[in-house]
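Source file: target-v5.cif. Holds: mmCIF, N, CA and C atoms.
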data_my_file
loop_
_atom_site.label_atom_id
_atom_site.label_comp_id
_atom_site.auth_asym_id
_atom_site.auth_seq_id
_atom_site.Cartn_x
_atom_site.Cartn_y
_atom_site.Cartn_z
N MET V 732 100.24 123.20 37.19
CA MET V 732 101.25 123.91 36.41
C MET V 732 102.64 123.58 36.98
N THR V 733 103.53 123.25 36.11
CA THR V 733 104.89 122.88 36.50
C THR V 733 105.73 124.12 36.76
N VAL V 734 106.45 124.11 37.85
CA VAL V 734 107.39 125.19 38.16
C VAL V 734 108.66 124.96 37.35
N LYS V 735 109.05 125.98 36.63
CA LYS V 735 110.26 125.88 35.80
C LYS V 735 111.50 125.95 36.69
N TYR V 736 112.61 125.36 36.23
CA TYR V 736 113.81 125.28 37.07
C TYR V 736 114.34 126.66 37.45
N GLY V 737 114.21 127.65 36.57
CA GLY V 737 114.66 129.00 36.89
C GLY V 737 113.81 129.64 37.97
N GLU V 738 112.51 129.43 37.89
CA GLU V 738 111.61 129.96 38.93
C GLU V 738 111.92 129.32 40.28
N GLN V 739 112.19 128.03 40.27
CA GLN V 739 112.52 127.33 41.50
C GLN V 739 113.83 127.85 42.08
N ALA V 740 114.83 128.05 41.23
CA ALA V 740 116.12 128.56 41.69
C ALA V 740 115.98 129.94 42.31
N ILE V 741 115.16 130.79 41.70
CA ILE V 741 114.92 132.13 42.24
C ILE V 741 114.22 132.05 43.58
N ALA V 742 113.19 131.21 43.67
CA ALA V 742 112.42 131.07 44.91
C ALA V 742 113.27 130.55 46.07
N GLU V 743 114.26 129.72 45.76
CA GLU V 743 115.09 129.11 46.79
C GLU V 743 116.39 129.87 47.03
N SER V 744 116.58 130.99 46.36
CA SER V 744 117.86 131.69 46.40
C SER V 744 118.16 132.30 47.77
N THR V 745 119.43 132.29 48.11
CA THR V 745 119.95 132.96 49.29
C THR V 745 121.26 133.62 48.88
N LEU V 746 121.64 134.65 49.60
CA LEU V 746 122.90 135.32 49.31
C LEU V 746 124.04 134.52 49.93
N THR V 747 124.56 133.58 49.17
CA THR V 747 125.65 132.73 49.65
C THR V 747 126.98 133.47 49.51
N THR V 748 127.93 133.06 50.35
CA THR V 748 129.23 133.74 50.39
C THR V 748 130.36 132.74 50.22
N PHE V 749 131.55 133.28 50.01
CA PHE V 749 132.76 132.47 49.99
C PHE V 749 133.89 133.29 50.61
N PRO V 750 134.95 132.65 51.09
CA PRO V 750 136.01 133.37 51.80
C PRO V 750 136.69 134.45 50.94
N ASN V 751 136.94 135.59 51.55
CA ASN V 751 137.66 136.67 50.89
C ASN V 751 139.12 136.23 50.75
N PRO V 752 139.66 136.18 49.54
CA PRO V 752 141.05 135.74 49.37
C PRO V 752 142.07 136.78 49.82
N ARG V 753 141.64 138.00 50.10
CA ARG V 753 142.55 139.08 50.49
C ARG V 753 142.05 139.82 51.73
N ILE V 754 141.79 139.07 52.80
CA ILE V 754 141.35 139.69 54.05
C ILE V 754 142.41 140.70 54.49
N GLY V 755 141.93 141.86 54.91
CA GLY V 755 142.83 142.90 55.36
C GLY V 755 143.20 143.90 54.27
N ARG V 756 142.97 143.56 53.03
CA ARG V 756 143.23 144.50 51.94
C ARG V 756 141.97 145.32 51.71
N ASP V 757 142.14 146.62 51.61
CA ASP V 757 141.01 147.54 51.38
C ASP V 757 140.80 147.65 49.87
N TYR V 758 139.85 146.87 49.35
CA TYR V 758 139.52 146.95 47.93
C TYR V 758 138.01 146.94 47.77
N SER V 759 137.54 147.38 46.63
CA SER V 759 136.09 147.42 46.43
C SER V 759 135.68 146.51 45.28
N VAL V 760 134.45 146.04 45.39
CA VAL V 760 133.83 145.21 44.37
C VAL V 760 132.63 146.00 43.86
N GLN V 761 132.54 146.18 42.55
CA GLN V 761 131.43 146.91 41.94
C GLN V 761 130.60 145.94 41.12
N ILE V 762 129.31 145.94 41.38
CA ILE V 762 128.38 145.05 40.69
C ILE V 762 127.27 145.91 40.09
N THR V 763 126.97 145.69 38.82
CA THR V 763 125.88 146.39 38.15
C THR V 763 124.84 145.37 37.73
N LEU V 764 123.59 145.64 38.10
CA LEU V 764 122.47 144.75 37.78
C LEU V 764 121.46 145.54 36.96
N PRO V 765 121.57 145.50 35.62
CA PRO V 765 120.77 146.39 34.77
C PRO V 765 119.34 145.94 34.49
N GLU V 766 118.92 144.80 35.02
CA GLU V 766 117.59 144.29 34.69
C GLU V 766 116.70 144.11 35.92
N PHE V 767 116.87 144.97 36.92
CA PHE V 767 116.06 144.88 38.13
C PHE V 767 114.61 145.26 37.81
N THR V 768 113.68 144.47 38.34
CA THR V 768 112.25 144.79 38.22
C THR V 768 111.56 144.48 39.54
N CYS V 769 110.55 145.27 39.81
CA CYS V 769 109.64 145.04 40.93
C CYS V 769 108.30 145.63 40.52
N LYS V 770 107.33 145.61 41.40
CA LYS V 770 106.02 146.17 41.07
C LYS V 770 105.68 147.30 42.04
N CYS V 771 105.08 148.33 41.51
CA CYS V 771 104.64 149.46 42.33
C CYS V 771 103.59 148.95 43.33
N PRO V 772 103.76 149.25 44.63
CA PRO V 772 102.81 148.76 45.62
C PRO V 772 101.45 149.47 45.55
N PHE V 773 101.35 150.55 44.79
CA PHE V 773 100.10 151.30 44.70
C PHE V 773 99.34 150.98 43.42
N SER V 774 100.06 150.95 42.28
CA SER V 774 99.38 150.74 41.00
C SER V 774 99.50 149.30 40.49
N GLY V 775 100.53 148.60 40.91
CA GLY V 775 100.80 147.27 40.38
C GLY V 775 101.59 147.30 39.08
N TYR V 776 101.88 148.49 38.56
CA TYR V 776 102.67 148.60 37.34
C TYR V 776 104.11 148.16 37.61
N PRO V 777 104.77 147.62 36.60
CA PRO V 777 106.16 147.22 36.80
C PRO V 777 107.08 148.45 36.87
N ASP V 778 108.10 148.34 37.70
CA ASP V 778 109.16 149.34 37.78
C ASP V 778 110.45 148.67 37.34
N PHE V 779 111.28 149.42 36.65
CA PHE V 779 112.54 148.91 36.11
C PHE V 779 113.67 149.78 36.63
N ALA V 780 114.80 149.16 36.92
CA ALA V 780 115.93 149.94 37.43
C ALA V 780 117.24 149.23 37.12
N THR V 781 118.30 150.00 37.23
CA THR V 781 119.64 149.45 37.29
C THR V 781 120.08 149.61 38.74
N ILE V 782 120.52 148.51 39.32
CA ILE V 782 121.01 148.51 40.70
C ILE V 782 122.53 148.46 40.65
N TYR V 783 123.15 149.37 41.39
CA TYR V 783 124.61 149.43 41.51
C TYR V 783 124.98 149.11 42.95
N ILE V 784 125.83 148.10 43.12
CA ILE V 784 126.32 147.73 44.45
C ILE V 784 127.83 147.88 44.43
N THR V 785 128.35 148.66 45.35
CA THR V 785 129.80 148.79 45.52
C THR V 785 130.09 148.50 46.99
N TYR V 786 130.96 147.52 47.23
CA TYR V 786 131.24 147.18 48.62
C TYR V 786 132.71 146.82 48.83
N THR V 787 133.14 147.03 50.06
CA THR V 787 134.47 146.61 50.50
C THR V 787 134.25 145.37 51.36
N PRO V 788 134.73 144.22 50.88
CA PRO V 788 134.47 142.99 51.63
C PRO V 788 135.26 142.93 52.93
N ASN V 789 134.72 142.15 53.85
CA ASN V 789 135.37 141.90 55.12
C ASN V 789 135.97 140.51 55.05
N LYS V 790 135.33 139.53 55.65
CA LYS V 790 135.86 138.16 55.65
C LYS V 790 135.33 137.30 54.51
N VAL V 791 134.19 137.73 53.92
CA VAL V 791 133.60 136.94 52.82
C VAL V 791 133.17 137.87 51.69
N LEU V 792 132.99 137.27 50.53
CA LEU V 792 132.39 137.94 49.38
C LEU V 792 131.06 137.26 49.09
N VAL V 793 130.14 137.99 48.50
CA VAL V 793 128.85 137.42 48.12
C VAL V 793 128.97 136.89 46.70
N GLU V 794 128.56 135.67 46.51
CA GLU V 794 128.70 134.98 45.23
C GLU V 794 127.80 135.62 44.17
N LEU V 795 128.33 135.84 42.97
CA LEU V 795 127.62 136.59 41.92
C LEU V 795 126.35 135.91 41.43
N LYS V 796 126.37 134.60 41.26
CA LYS V 796 125.15 133.91 40.82
C LYS V 796 124.06 134.06 41.87
N ALA V 797 124.44 134.01 43.14
CA ALA V 797 123.47 134.18 44.22
C ALA V 797 122.86 135.59 44.17
N ILE V 798 123.68 136.58 43.85
CA ILE V 798 123.16 137.96 43.73
C ILE V 798 122.16 138.04 42.59
N LYS V 799 122.49 137.42 41.48
CA LYS V 799 121.59 137.44 40.31
C LYS V 799 120.24 136.82 40.66
N LEU V 800 120.24 135.67 41.29
CA LEU V 800 118.99 135.02 41.66
C LEU V 800 118.23 135.83 42.69
N TYR V 801 118.94 136.36 43.67
CA TYR V 801 118.31 137.19 44.71
C TYR V 801 117.63 138.41 44.09
N ILE V 802 118.32 139.11 43.21
CA ILE V 802 117.75 140.31 42.57
C ILE V 802 116.52 139.94 41.75
N ASN V 803 116.55 138.80 41.09
CA ASN V 803 115.40 138.37 40.30
C ASN V 803 114.19 138.04 41.18
N SER V 804 114.40 137.80 42.46
CA SER V 804 113.28 137.50 43.35
C SER V 804 112.38 138.72 43.59
N TYR V 805 112.83 139.89 43.21
CA TYR V 805 112.03 141.11 43.38
C TYR V 805 110.99 141.30 42.28
N ARG V 806 111.08 140.58 41.21
CA ARG V 806 110.27 140.85 40.02
C ARG V 806 108.76 140.81 40.27
N ASP V 807 108.31 140.04 41.23
CA ASP V 807 106.87 139.95 41.52
C ASP V 807 106.50 140.58 42.86
N ARG V 808 107.45 141.28 43.48
CA ARG V 808 107.18 141.93 44.77
C ARG V 808 106.55 143.30 44.56
N PHE V 809 105.57 143.59 45.37
CA PHE V 809 104.97 144.93 45.40
C PHE V 809 105.76 145.71 46.44
N ILE V 810 106.69 146.56 45.98
CA ILE V 810 107.62 147.23 46.88
C ILE V 810 108.03 148.57 46.26
N SER V 811 108.15 149.58 47.10
CA SER V 811 108.54 150.91 46.60
C SER V 811 110.01 150.94 46.22
N HIS V 812 110.35 151.96 45.46
CA HIS V 812 111.76 152.15 45.07
C HIS V 812 112.63 152.25 46.31
N GLU V 813 112.17 153.08 47.25
CA GLU V 813 112.96 153.33 48.46
C GLU V 813 113.14 152.07 49.30
N GLU V 814 112.06 151.34 49.47
CA GLU V 814 112.13 150.13 50.30
C GLU V 814 112.96 149.05 49.62
N SER V 815 112.86 148.92 48.31
CA SER V 815 113.62 147.86 47.63
C SER V 815 115.13 148.10 47.77
N VAL V 816 115.58 149.33 47.59
CA VAL V 816 117.01 149.61 47.69
C VAL V 816 117.48 149.42 49.14
N ASN V 817 116.70 149.88 50.10
CA ASN V 817 117.06 149.69 51.50
C ASN V 817 117.07 148.21 51.88
N GLN V 818 116.13 147.42 51.36
CA GLN V 818 116.08 145.99 51.67
C GLN V 818 117.28 145.27 51.07
N ILE V 819 117.68 145.65 49.86
CA ILE V 819 118.86 145.04 49.24
C ILE V 819 120.08 145.29 50.12
N LEU V 820 120.23 146.53 50.59
CA LEU V 820 121.36 146.85 51.48
C LEU V 820 121.30 146.00 52.75
N ASP V 821 120.14 145.96 53.40
CA ASP V 821 120.00 145.18 54.64
C ASP V 821 120.36 143.72 54.44
N ASP V 822 119.85 143.12 53.37
CA ASP V 822 120.12 141.70 53.11
C ASP V 822 121.58 141.45 52.80
N PHE V 823 122.20 142.38 52.05
CA PHE V 823 123.61 142.24 51.70
C PHE V 823 124.49 142.36 52.95
N VAL V 824 124.17 143.31 53.83
CA VAL V 824 124.93 143.48 55.06
C VAL V 824 124.79 142.23 55.93
N LYS V 825 123.59 141.70 56.04
CA LYS V 825 123.36 140.50 56.84
C LYS V 825 124.15 139.30 56.30
N ALA V 826 124.17 139.13 55.00
CA ALA V 826 124.85 137.98 54.40
C ALA V 826 126.37 138.13 54.36
N GLY V 827 126.84 139.32 54.00
CA GLY V 827 128.26 139.47 53.72
C GLY V 827 129.07 140.23 54.74
N ASP V 828 128.42 140.92 55.68
CA ASP V 828 129.12 141.69 56.71
C ASP V 828 130.25 142.55 56.12
N PRO V 829 129.93 143.37 55.10
CA PRO V 829 130.99 144.16 54.46
C PRO V 829 131.50 145.28 55.36
N ILE V 830 132.69 145.76 55.06
CA ILE V 830 133.25 146.91 55.78
C ILE V 830 132.48 148.17 55.40
N ARG V 831 132.21 148.33 54.11
CA ARG V 831 131.43 149.45 53.58
C ARG V 831 130.61 148.95 52.41
N ILE V 832 129.45 149.58 52.21
CA ILE V 832 128.64 149.23 51.05
C ILE V 832 127.78 150.43 50.66
N ASN V 833 127.61 150.58 49.36
CA ASN V 833 126.71 151.57 48.79
C ASN V 833 125.81 150.83 47.81
N VAL V 834 124.51 151.04 47.93
CA VAL V 834 123.55 150.47 46.99
C VAL V 834 122.78 151.63 46.37
N LYS V 835 122.76 151.66 45.06
CA LYS V 835 122.07 152.74 44.32
C LYS V 835 121.08 152.11 43.36
N GLY V 836 119.86 152.58 43.39
CA GLY V 836 118.83 152.14 42.44
C GLY V 836 118.48 153.30 41.53
N ASP V 837 118.76 153.15 40.25
CA ASP V 837 118.45 154.18 39.24
C ASP V 837 117.24 153.68 38.45
N PHE V 838 116.07 154.17 38.82
CA PHE V 838 114.81 153.68 38.27
C PHE V 838 114.45 154.38 36.97
N SER V 839 113.97 153.60 36.02
CA SER V 839 113.55 154.16 34.73
C SER V 839 112.38 155.11 34.95
N PRO V 840 112.36 156.22 34.20
CA PRO V 840 111.25 157.17 34.36
C PRO V 840 109.91 156.51 34.04
N ARG V 841 108.92 156.87 34.84
CA ARG V 841 107.55 156.44 34.59
C ARG V 841 106.67 157.63 34.95
N GLY V 842 105.82 158.04 34.02
CA GLY V 842 104.96 159.19 34.26
C GLY V 842 105.76 160.47 34.42
N ASN V 843 106.88 160.58 33.70
CA ASN V 843 107.74 161.75 33.71
C ASN V 843 108.47 161.95 35.03
N VAL V 844 108.61 160.88 35.83
CA VAL V 844 109.32 160.95 37.10
C VAL V 844 110.48 159.96 37.08
N HIS V 845 111.67 160.48 37.32
CA HIS V 845 112.88 159.66 37.39
C HIS V 845 113.35 159.64 38.84
N THR V 846 113.52 158.45 39.39
CA THR V 846 113.91 158.32 40.80
C THR V 846 115.26 157.61 40.91
N VAL V 847 116.12 158.16 41.76
CA VAL V 847 117.38 157.51 42.12
C VAL V 847 117.41 157.44 43.64
N VAL V 848 117.58 156.24 44.16
CA VAL V 848 117.64 156.01 45.61
C VAL V 848 119.02 155.43 45.92
N GLU V 849 119.70 156.02 46.90
CA GLU V 849 121.05 155.58 47.24
C GLU V 849 121.17 155.47 48.76
N VAL V 850 121.70 154.34 49.22
CA VAL V 850 121.89 154.12 50.65
C VAL V 850 123.31 153.61 50.90
N ASN V 851 123.81 153.93 52.08
CA ASN V 851 125.18 153.57 52.45
C ASN V 851 125.20 152.91 53.82
N TYR V 852 126.21 152.10 54.04
CA TYR V 852 126.42 151.49 55.34
C TYR V 852 127.92 151.37 55.55
N THR V 853 128.38 151.65 56.76
CA THR V 853 129.77 151.41 57.16
C THR V 853 129.74 150.61 58.44
N LYS V 854 130.50 149.53 58.45
CA LYS V 854 130.56 148.65 59.63
C LYS V 854 131.15 149.43 60.80
N PRO V 855 130.48 149.39 61.94
CA PRO V 855 131.04 150.08 63.11
C PRO V 855 132.39 149.49 63.51
N ILE V 856 133.27 150.34 63.95
CA ILE V 856 134.59 149.89 64.41
C ILE V 856 134.41 149.36 65.83
N SER V 857 134.84 148.11 66.02
CA SER V 857 134.71 147.51 67.36
C SER V 857 135.98 147.77 68.15
N ASP V 858 135.80 147.98 69.43
CA ASP V 858 136.95 148.25 70.32
C ASP V 858 137.61 146.99 70.80
#
Encoding of this model in structure tokens:
Amino acid sequence: MTVKYGEQAIAESTLTTFPNPRIGRDYSVQITLPEFTCKCPFSGYPDFATIYITYTPNKVLVELKAIKLYINSYRDRFISHEESVNQILDDFVKAGDPIRINVKGDFSPRGNVHTVVEVNYTKPISD
């Protein structure tokens, strides 16, 4: 079976960055990803969510196409709502070293249960 170019791009994706054009300016970047999917680690059923990322960049910004491919890499992962949102935050902090970041996962109701998971990170102030 031939791997399609989109599948290959997703499999090879990394959160690439580029220089912040306004280092030292306190501004925020808001990203909405309305088509997030993953699989329930218990049932295998698909979970759907909108992921909201708001961050204050430090020296670099995370490239938007890279974010899109990275988020699509979750579609076949068996991962809980809580772990997926926390993992997105961890990976984003590792790649972009932001000053502040908030990641929120607003999961579509399934079985009459609506879940919202929100995590925050603030870069420690170095002496």
Which residues are near V:Arg831? Cut-off 5 Å, only N, CA and C atoms, ignore same chain within fewer than 3 positions. Put them as a PDB file with N, CA and C atoms, in the frame of the given file.
ATOM      1  N   TYR V 786     130.960 147.520  47.230  1.00  0.00           N
ATOM      2  CA  TYR V 786     131.240 147.180  48.620  1.00  0.00           C
ATOM      3  C   TYR V 786     132.710 146.820  48.830  1.00  0.00           C
ATOM      4  N   THR V 787     133.140 147.030  50.060  1.00  0.00           N
ATOM      5  CA  THR V 787     134.470 146.610  50.500  1.00  0.00           C
ATOM      6  C   THR V 787     134.250 145.370  51.360  1.00  0.00           C
ATOM      7  N   TYR V 852     126.210 152.100  54.040  1.00  0.00           N
ATOM      8  CA  TYR V 852     126.420 151.490  55.340  1.00  0.00           C
ATOM      9  C   TYR V 852     127.920 151.370  55.550  1.00  0.00           C
ATOM     10  N   THR V 853     128.380 151.650  56.760  1.00  0.00           N
ATOM     11  CA  THR V 853     129.770 151.410  57.160  1.00  0.00           C
ATOM     12  C   THR V 853     129.740 150.610  58.440  1.00  0.00           C
ATOM     13  N   LYS V 854     130.500 149.530  58.450  1.00  0.00           N
ATOM     14  CA  LYS V 854     130.560 148.650  59.630  1.00  0.00           C
ATOM     15  C   LYS V 854     131.150 149.430  60.800  1.00  0.00           C
TER      16      LYS V 854
END
Quick check, in Å to one decimal: how far apart do atom CA of V:Ile856 and atom CA of V:Tyr801 lie? 28.5 Å
Quick one: distance from atom N of V:Ala742 to atom CA of V:Gly827 in Å, one decimal?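 Interatomic distance here is 19.9 Å.
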Going by DSSP on the backbone, which residues of chain V come out as strand (DSSP E or B)? List them as a PyMOL selection string. chain V and resi 748-750+760-770+777-787+791-793+809+831-841+844-853
Name the residues, using the chain letters and numbers of the file, that sit within 6.5 Å of (123.3, 152.3, 40.7) when counting all atoms listed in the file, and give them as an MDAnalysis selection string. chainID V and resid 781:784 834:837
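With all atoms listed in the file as the basis for measurement, V:Thr785 is the residue among V:Val848, V:Thr785, V:Val793, V:Asn843 that approaches V:Thr763 most closely.
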What's around V:Phe838 at 7 Å? Count only N, CA and C atoms, leave out sequence neighbours fewer than 4 positions away in its own chain, and write the answer as a PyMOL selection string. chain V and resi 778-781+844-848
Taking (123.5, 134.3, 51.8) in the file's coordinates as the center, which residues reach within 9 Å of it, counting only C-alpha atoms, put as a list in words? Ser744, Thr745, Leu746, Thr747, Thr748, Val793, Glu794, Ala797, Ile798, Asp822, Phe823, Lys825, Ala826 and Gly827 of chain V
If you keep N, CA and C atoms, can you produce a file of those selected residues as a PDB file, keeping the file's coordinate frame?
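Saved as out-v6.pdb:
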ATOM      1  N   SER V 744     116.580 130.990  46.360  1.00  0.00           N
ATOM      2  CA  SER V 744     117.860 131.690  46.400  1.00  0.00           C
ATOM      3  C   SER V 744     118.160 132.300  47.770  1.00  0.00           C
ATOM      4  N   THR V 745     119.430 132.290  48.110  1.00  0.00           N
ATOM      5  CA  THR V 745     119.950 132.960  49.290  1.00  0.00           C
ATOM      6  C   THR V 745     121.260 133.620  48.880  1.00  0.00           C
ATOM      7  N   LEU V 746     121.640 134.650  49.600  1.00  0.00           N
ATOM      8  CA  LEU V 746     122.900 135.320  49.310  1.00  0.00           C
ATOM      9  C   LEU V 746     124.040 134.520  49.930  1.00  0.00           C
ATOM     10  N   THR V 747     124.560 133.580  49.170  1.00  0.00           N
ATOM     11  CA  THR V 747     125.650 132.730  49.650  1.00  0.00           C
ATOM     12  C   THR V 747     126.980 133.470  49.510  1.00  0.00           C
ATOM     13  N   THR V 748     127.930 133.060  50.350  1.00  0.00           N
ATOM     14  CA  THR V 748     129.230 133.740  50.390  1.00  0.00           C
ATOM     15  C   THR V 748     130.360 132.740  50.220  1.00  0.00           C
ATOM     16  N   VAL V 793     130.140 137.990  48.500  1.00  0.00           N
ATOM     17  CA  VAL V 793     128.850 137.420  48.120  1.00  0.00           C
ATOM     18  C   VAL V 793     128.970 136.890  46.700  1.00  0.00           C
ATOM     19  N   GLU V 794     128.560 135.670  46.510  1.00  0.00           N
ATOM     20  CA  GLU V 794     128.700 134.980  45.230  1.00  0.00           C
ATOM     21  C   GLU V 794     127.800 135.620  44.170  1.00  0.00           C
ATOM     22  N   ALA V 797     124.440 134.010  43.140  1.00  0.00           N
ATOM     23  CA  ALA V 797     123.470 134.180  44.220  1.00  0.00           C
ATOM     24  C   ALA V 797     122.860 135.590  44.170  1.00  0.00           C
ATOM     25  N   ILE V 798     123.680 136.580  43.850  1.00  0.00           N
ATOM     26  CA  ILE V 798     123.160 137.960  43.730  1.00  0.00           C
ATOM     27  C   ILE V 798     122.160 138.040  42.590  1.00  0.00           C
ATOM     28  N   ASP V 822     119.850 143.120  53.370  1.00  0.00           N
ATOM     29  CA  ASP V 822     120.120 141.700  53.110  1.00  0.00           C
ATOM     30  C   ASP V 822     121.580 141.450  52.800  1.00  0.00           C
ATOM     31  N   PHE V 823     122.200 142.380  52.050  1.00  0.00           N
ATOM     32  CA  PHE V 823     123.610 142.240  51.700  1.00  0.00           C
ATOM     33  C   PHE V 823     124.490 142.360  52.950  1.00  0.00           C
ATOM     34  N   LYS V 825     123.590 141.700  56.040  1.00  0.00           N
ATOM     35  CA  LYS V 825     123.360 140.500  56.840  1.00  0.00           C
ATOM     36  C   LYS V 825     124.150 139.300  56.300  1.00  0.00           C
ATOM     37  N   ALA V 826     124.170 139.130  55.000  1.00  0.00           N
ATOM     38  CA  ALA V 826     124.850 137.980  54.400  1.00  0.00           C
ATOM     39  C   ALA V 826     126.370 138.130  54.360  1.00  0.00           C
ATOM     40  N   GLY V 827     126.840 139.320  54.000  1.00  0.00           N
ATOM     41  CA  GLY V 827     128.260 139.470  53.720  1.00  0.00           C
ATOM     42  C   GLY V 827     129.070 140.230  54.740  1.00  0.00           C
TER      43      GLY V 827
END
What does the distance between atom CA of V:Gln739 and atom CA of V:Ser804 come to in Å, to one decimal place? 10.4 Å
Which residue out of V:Ser774, V:Thr768, V:Asn803, V:Ser759 has the minimum interatomic distance to V:Ile741 when all atoms listed in the file are used?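 With all atoms listed in the file as the atom set, the closest residue is V:Asn803.
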Counting only N, CA and C atoms, the option among V:Gly842, V:Pro765, V:Gly775, V:Pro788 closest to V:Asp828: V:Pro788
Set up a box along x, y and z of the file covering all listed atoms of stretch 739-750 of chain V, add 6 Å on every one of the six sides, and write the centre and edge lengths in Å to one decimal, as AutoDock Vina command-line options.
--center_x 124.4 --center_y 131.3 --center_z 46.0 --size_x 36.5 --size_y 20.0 --size_z 23.5
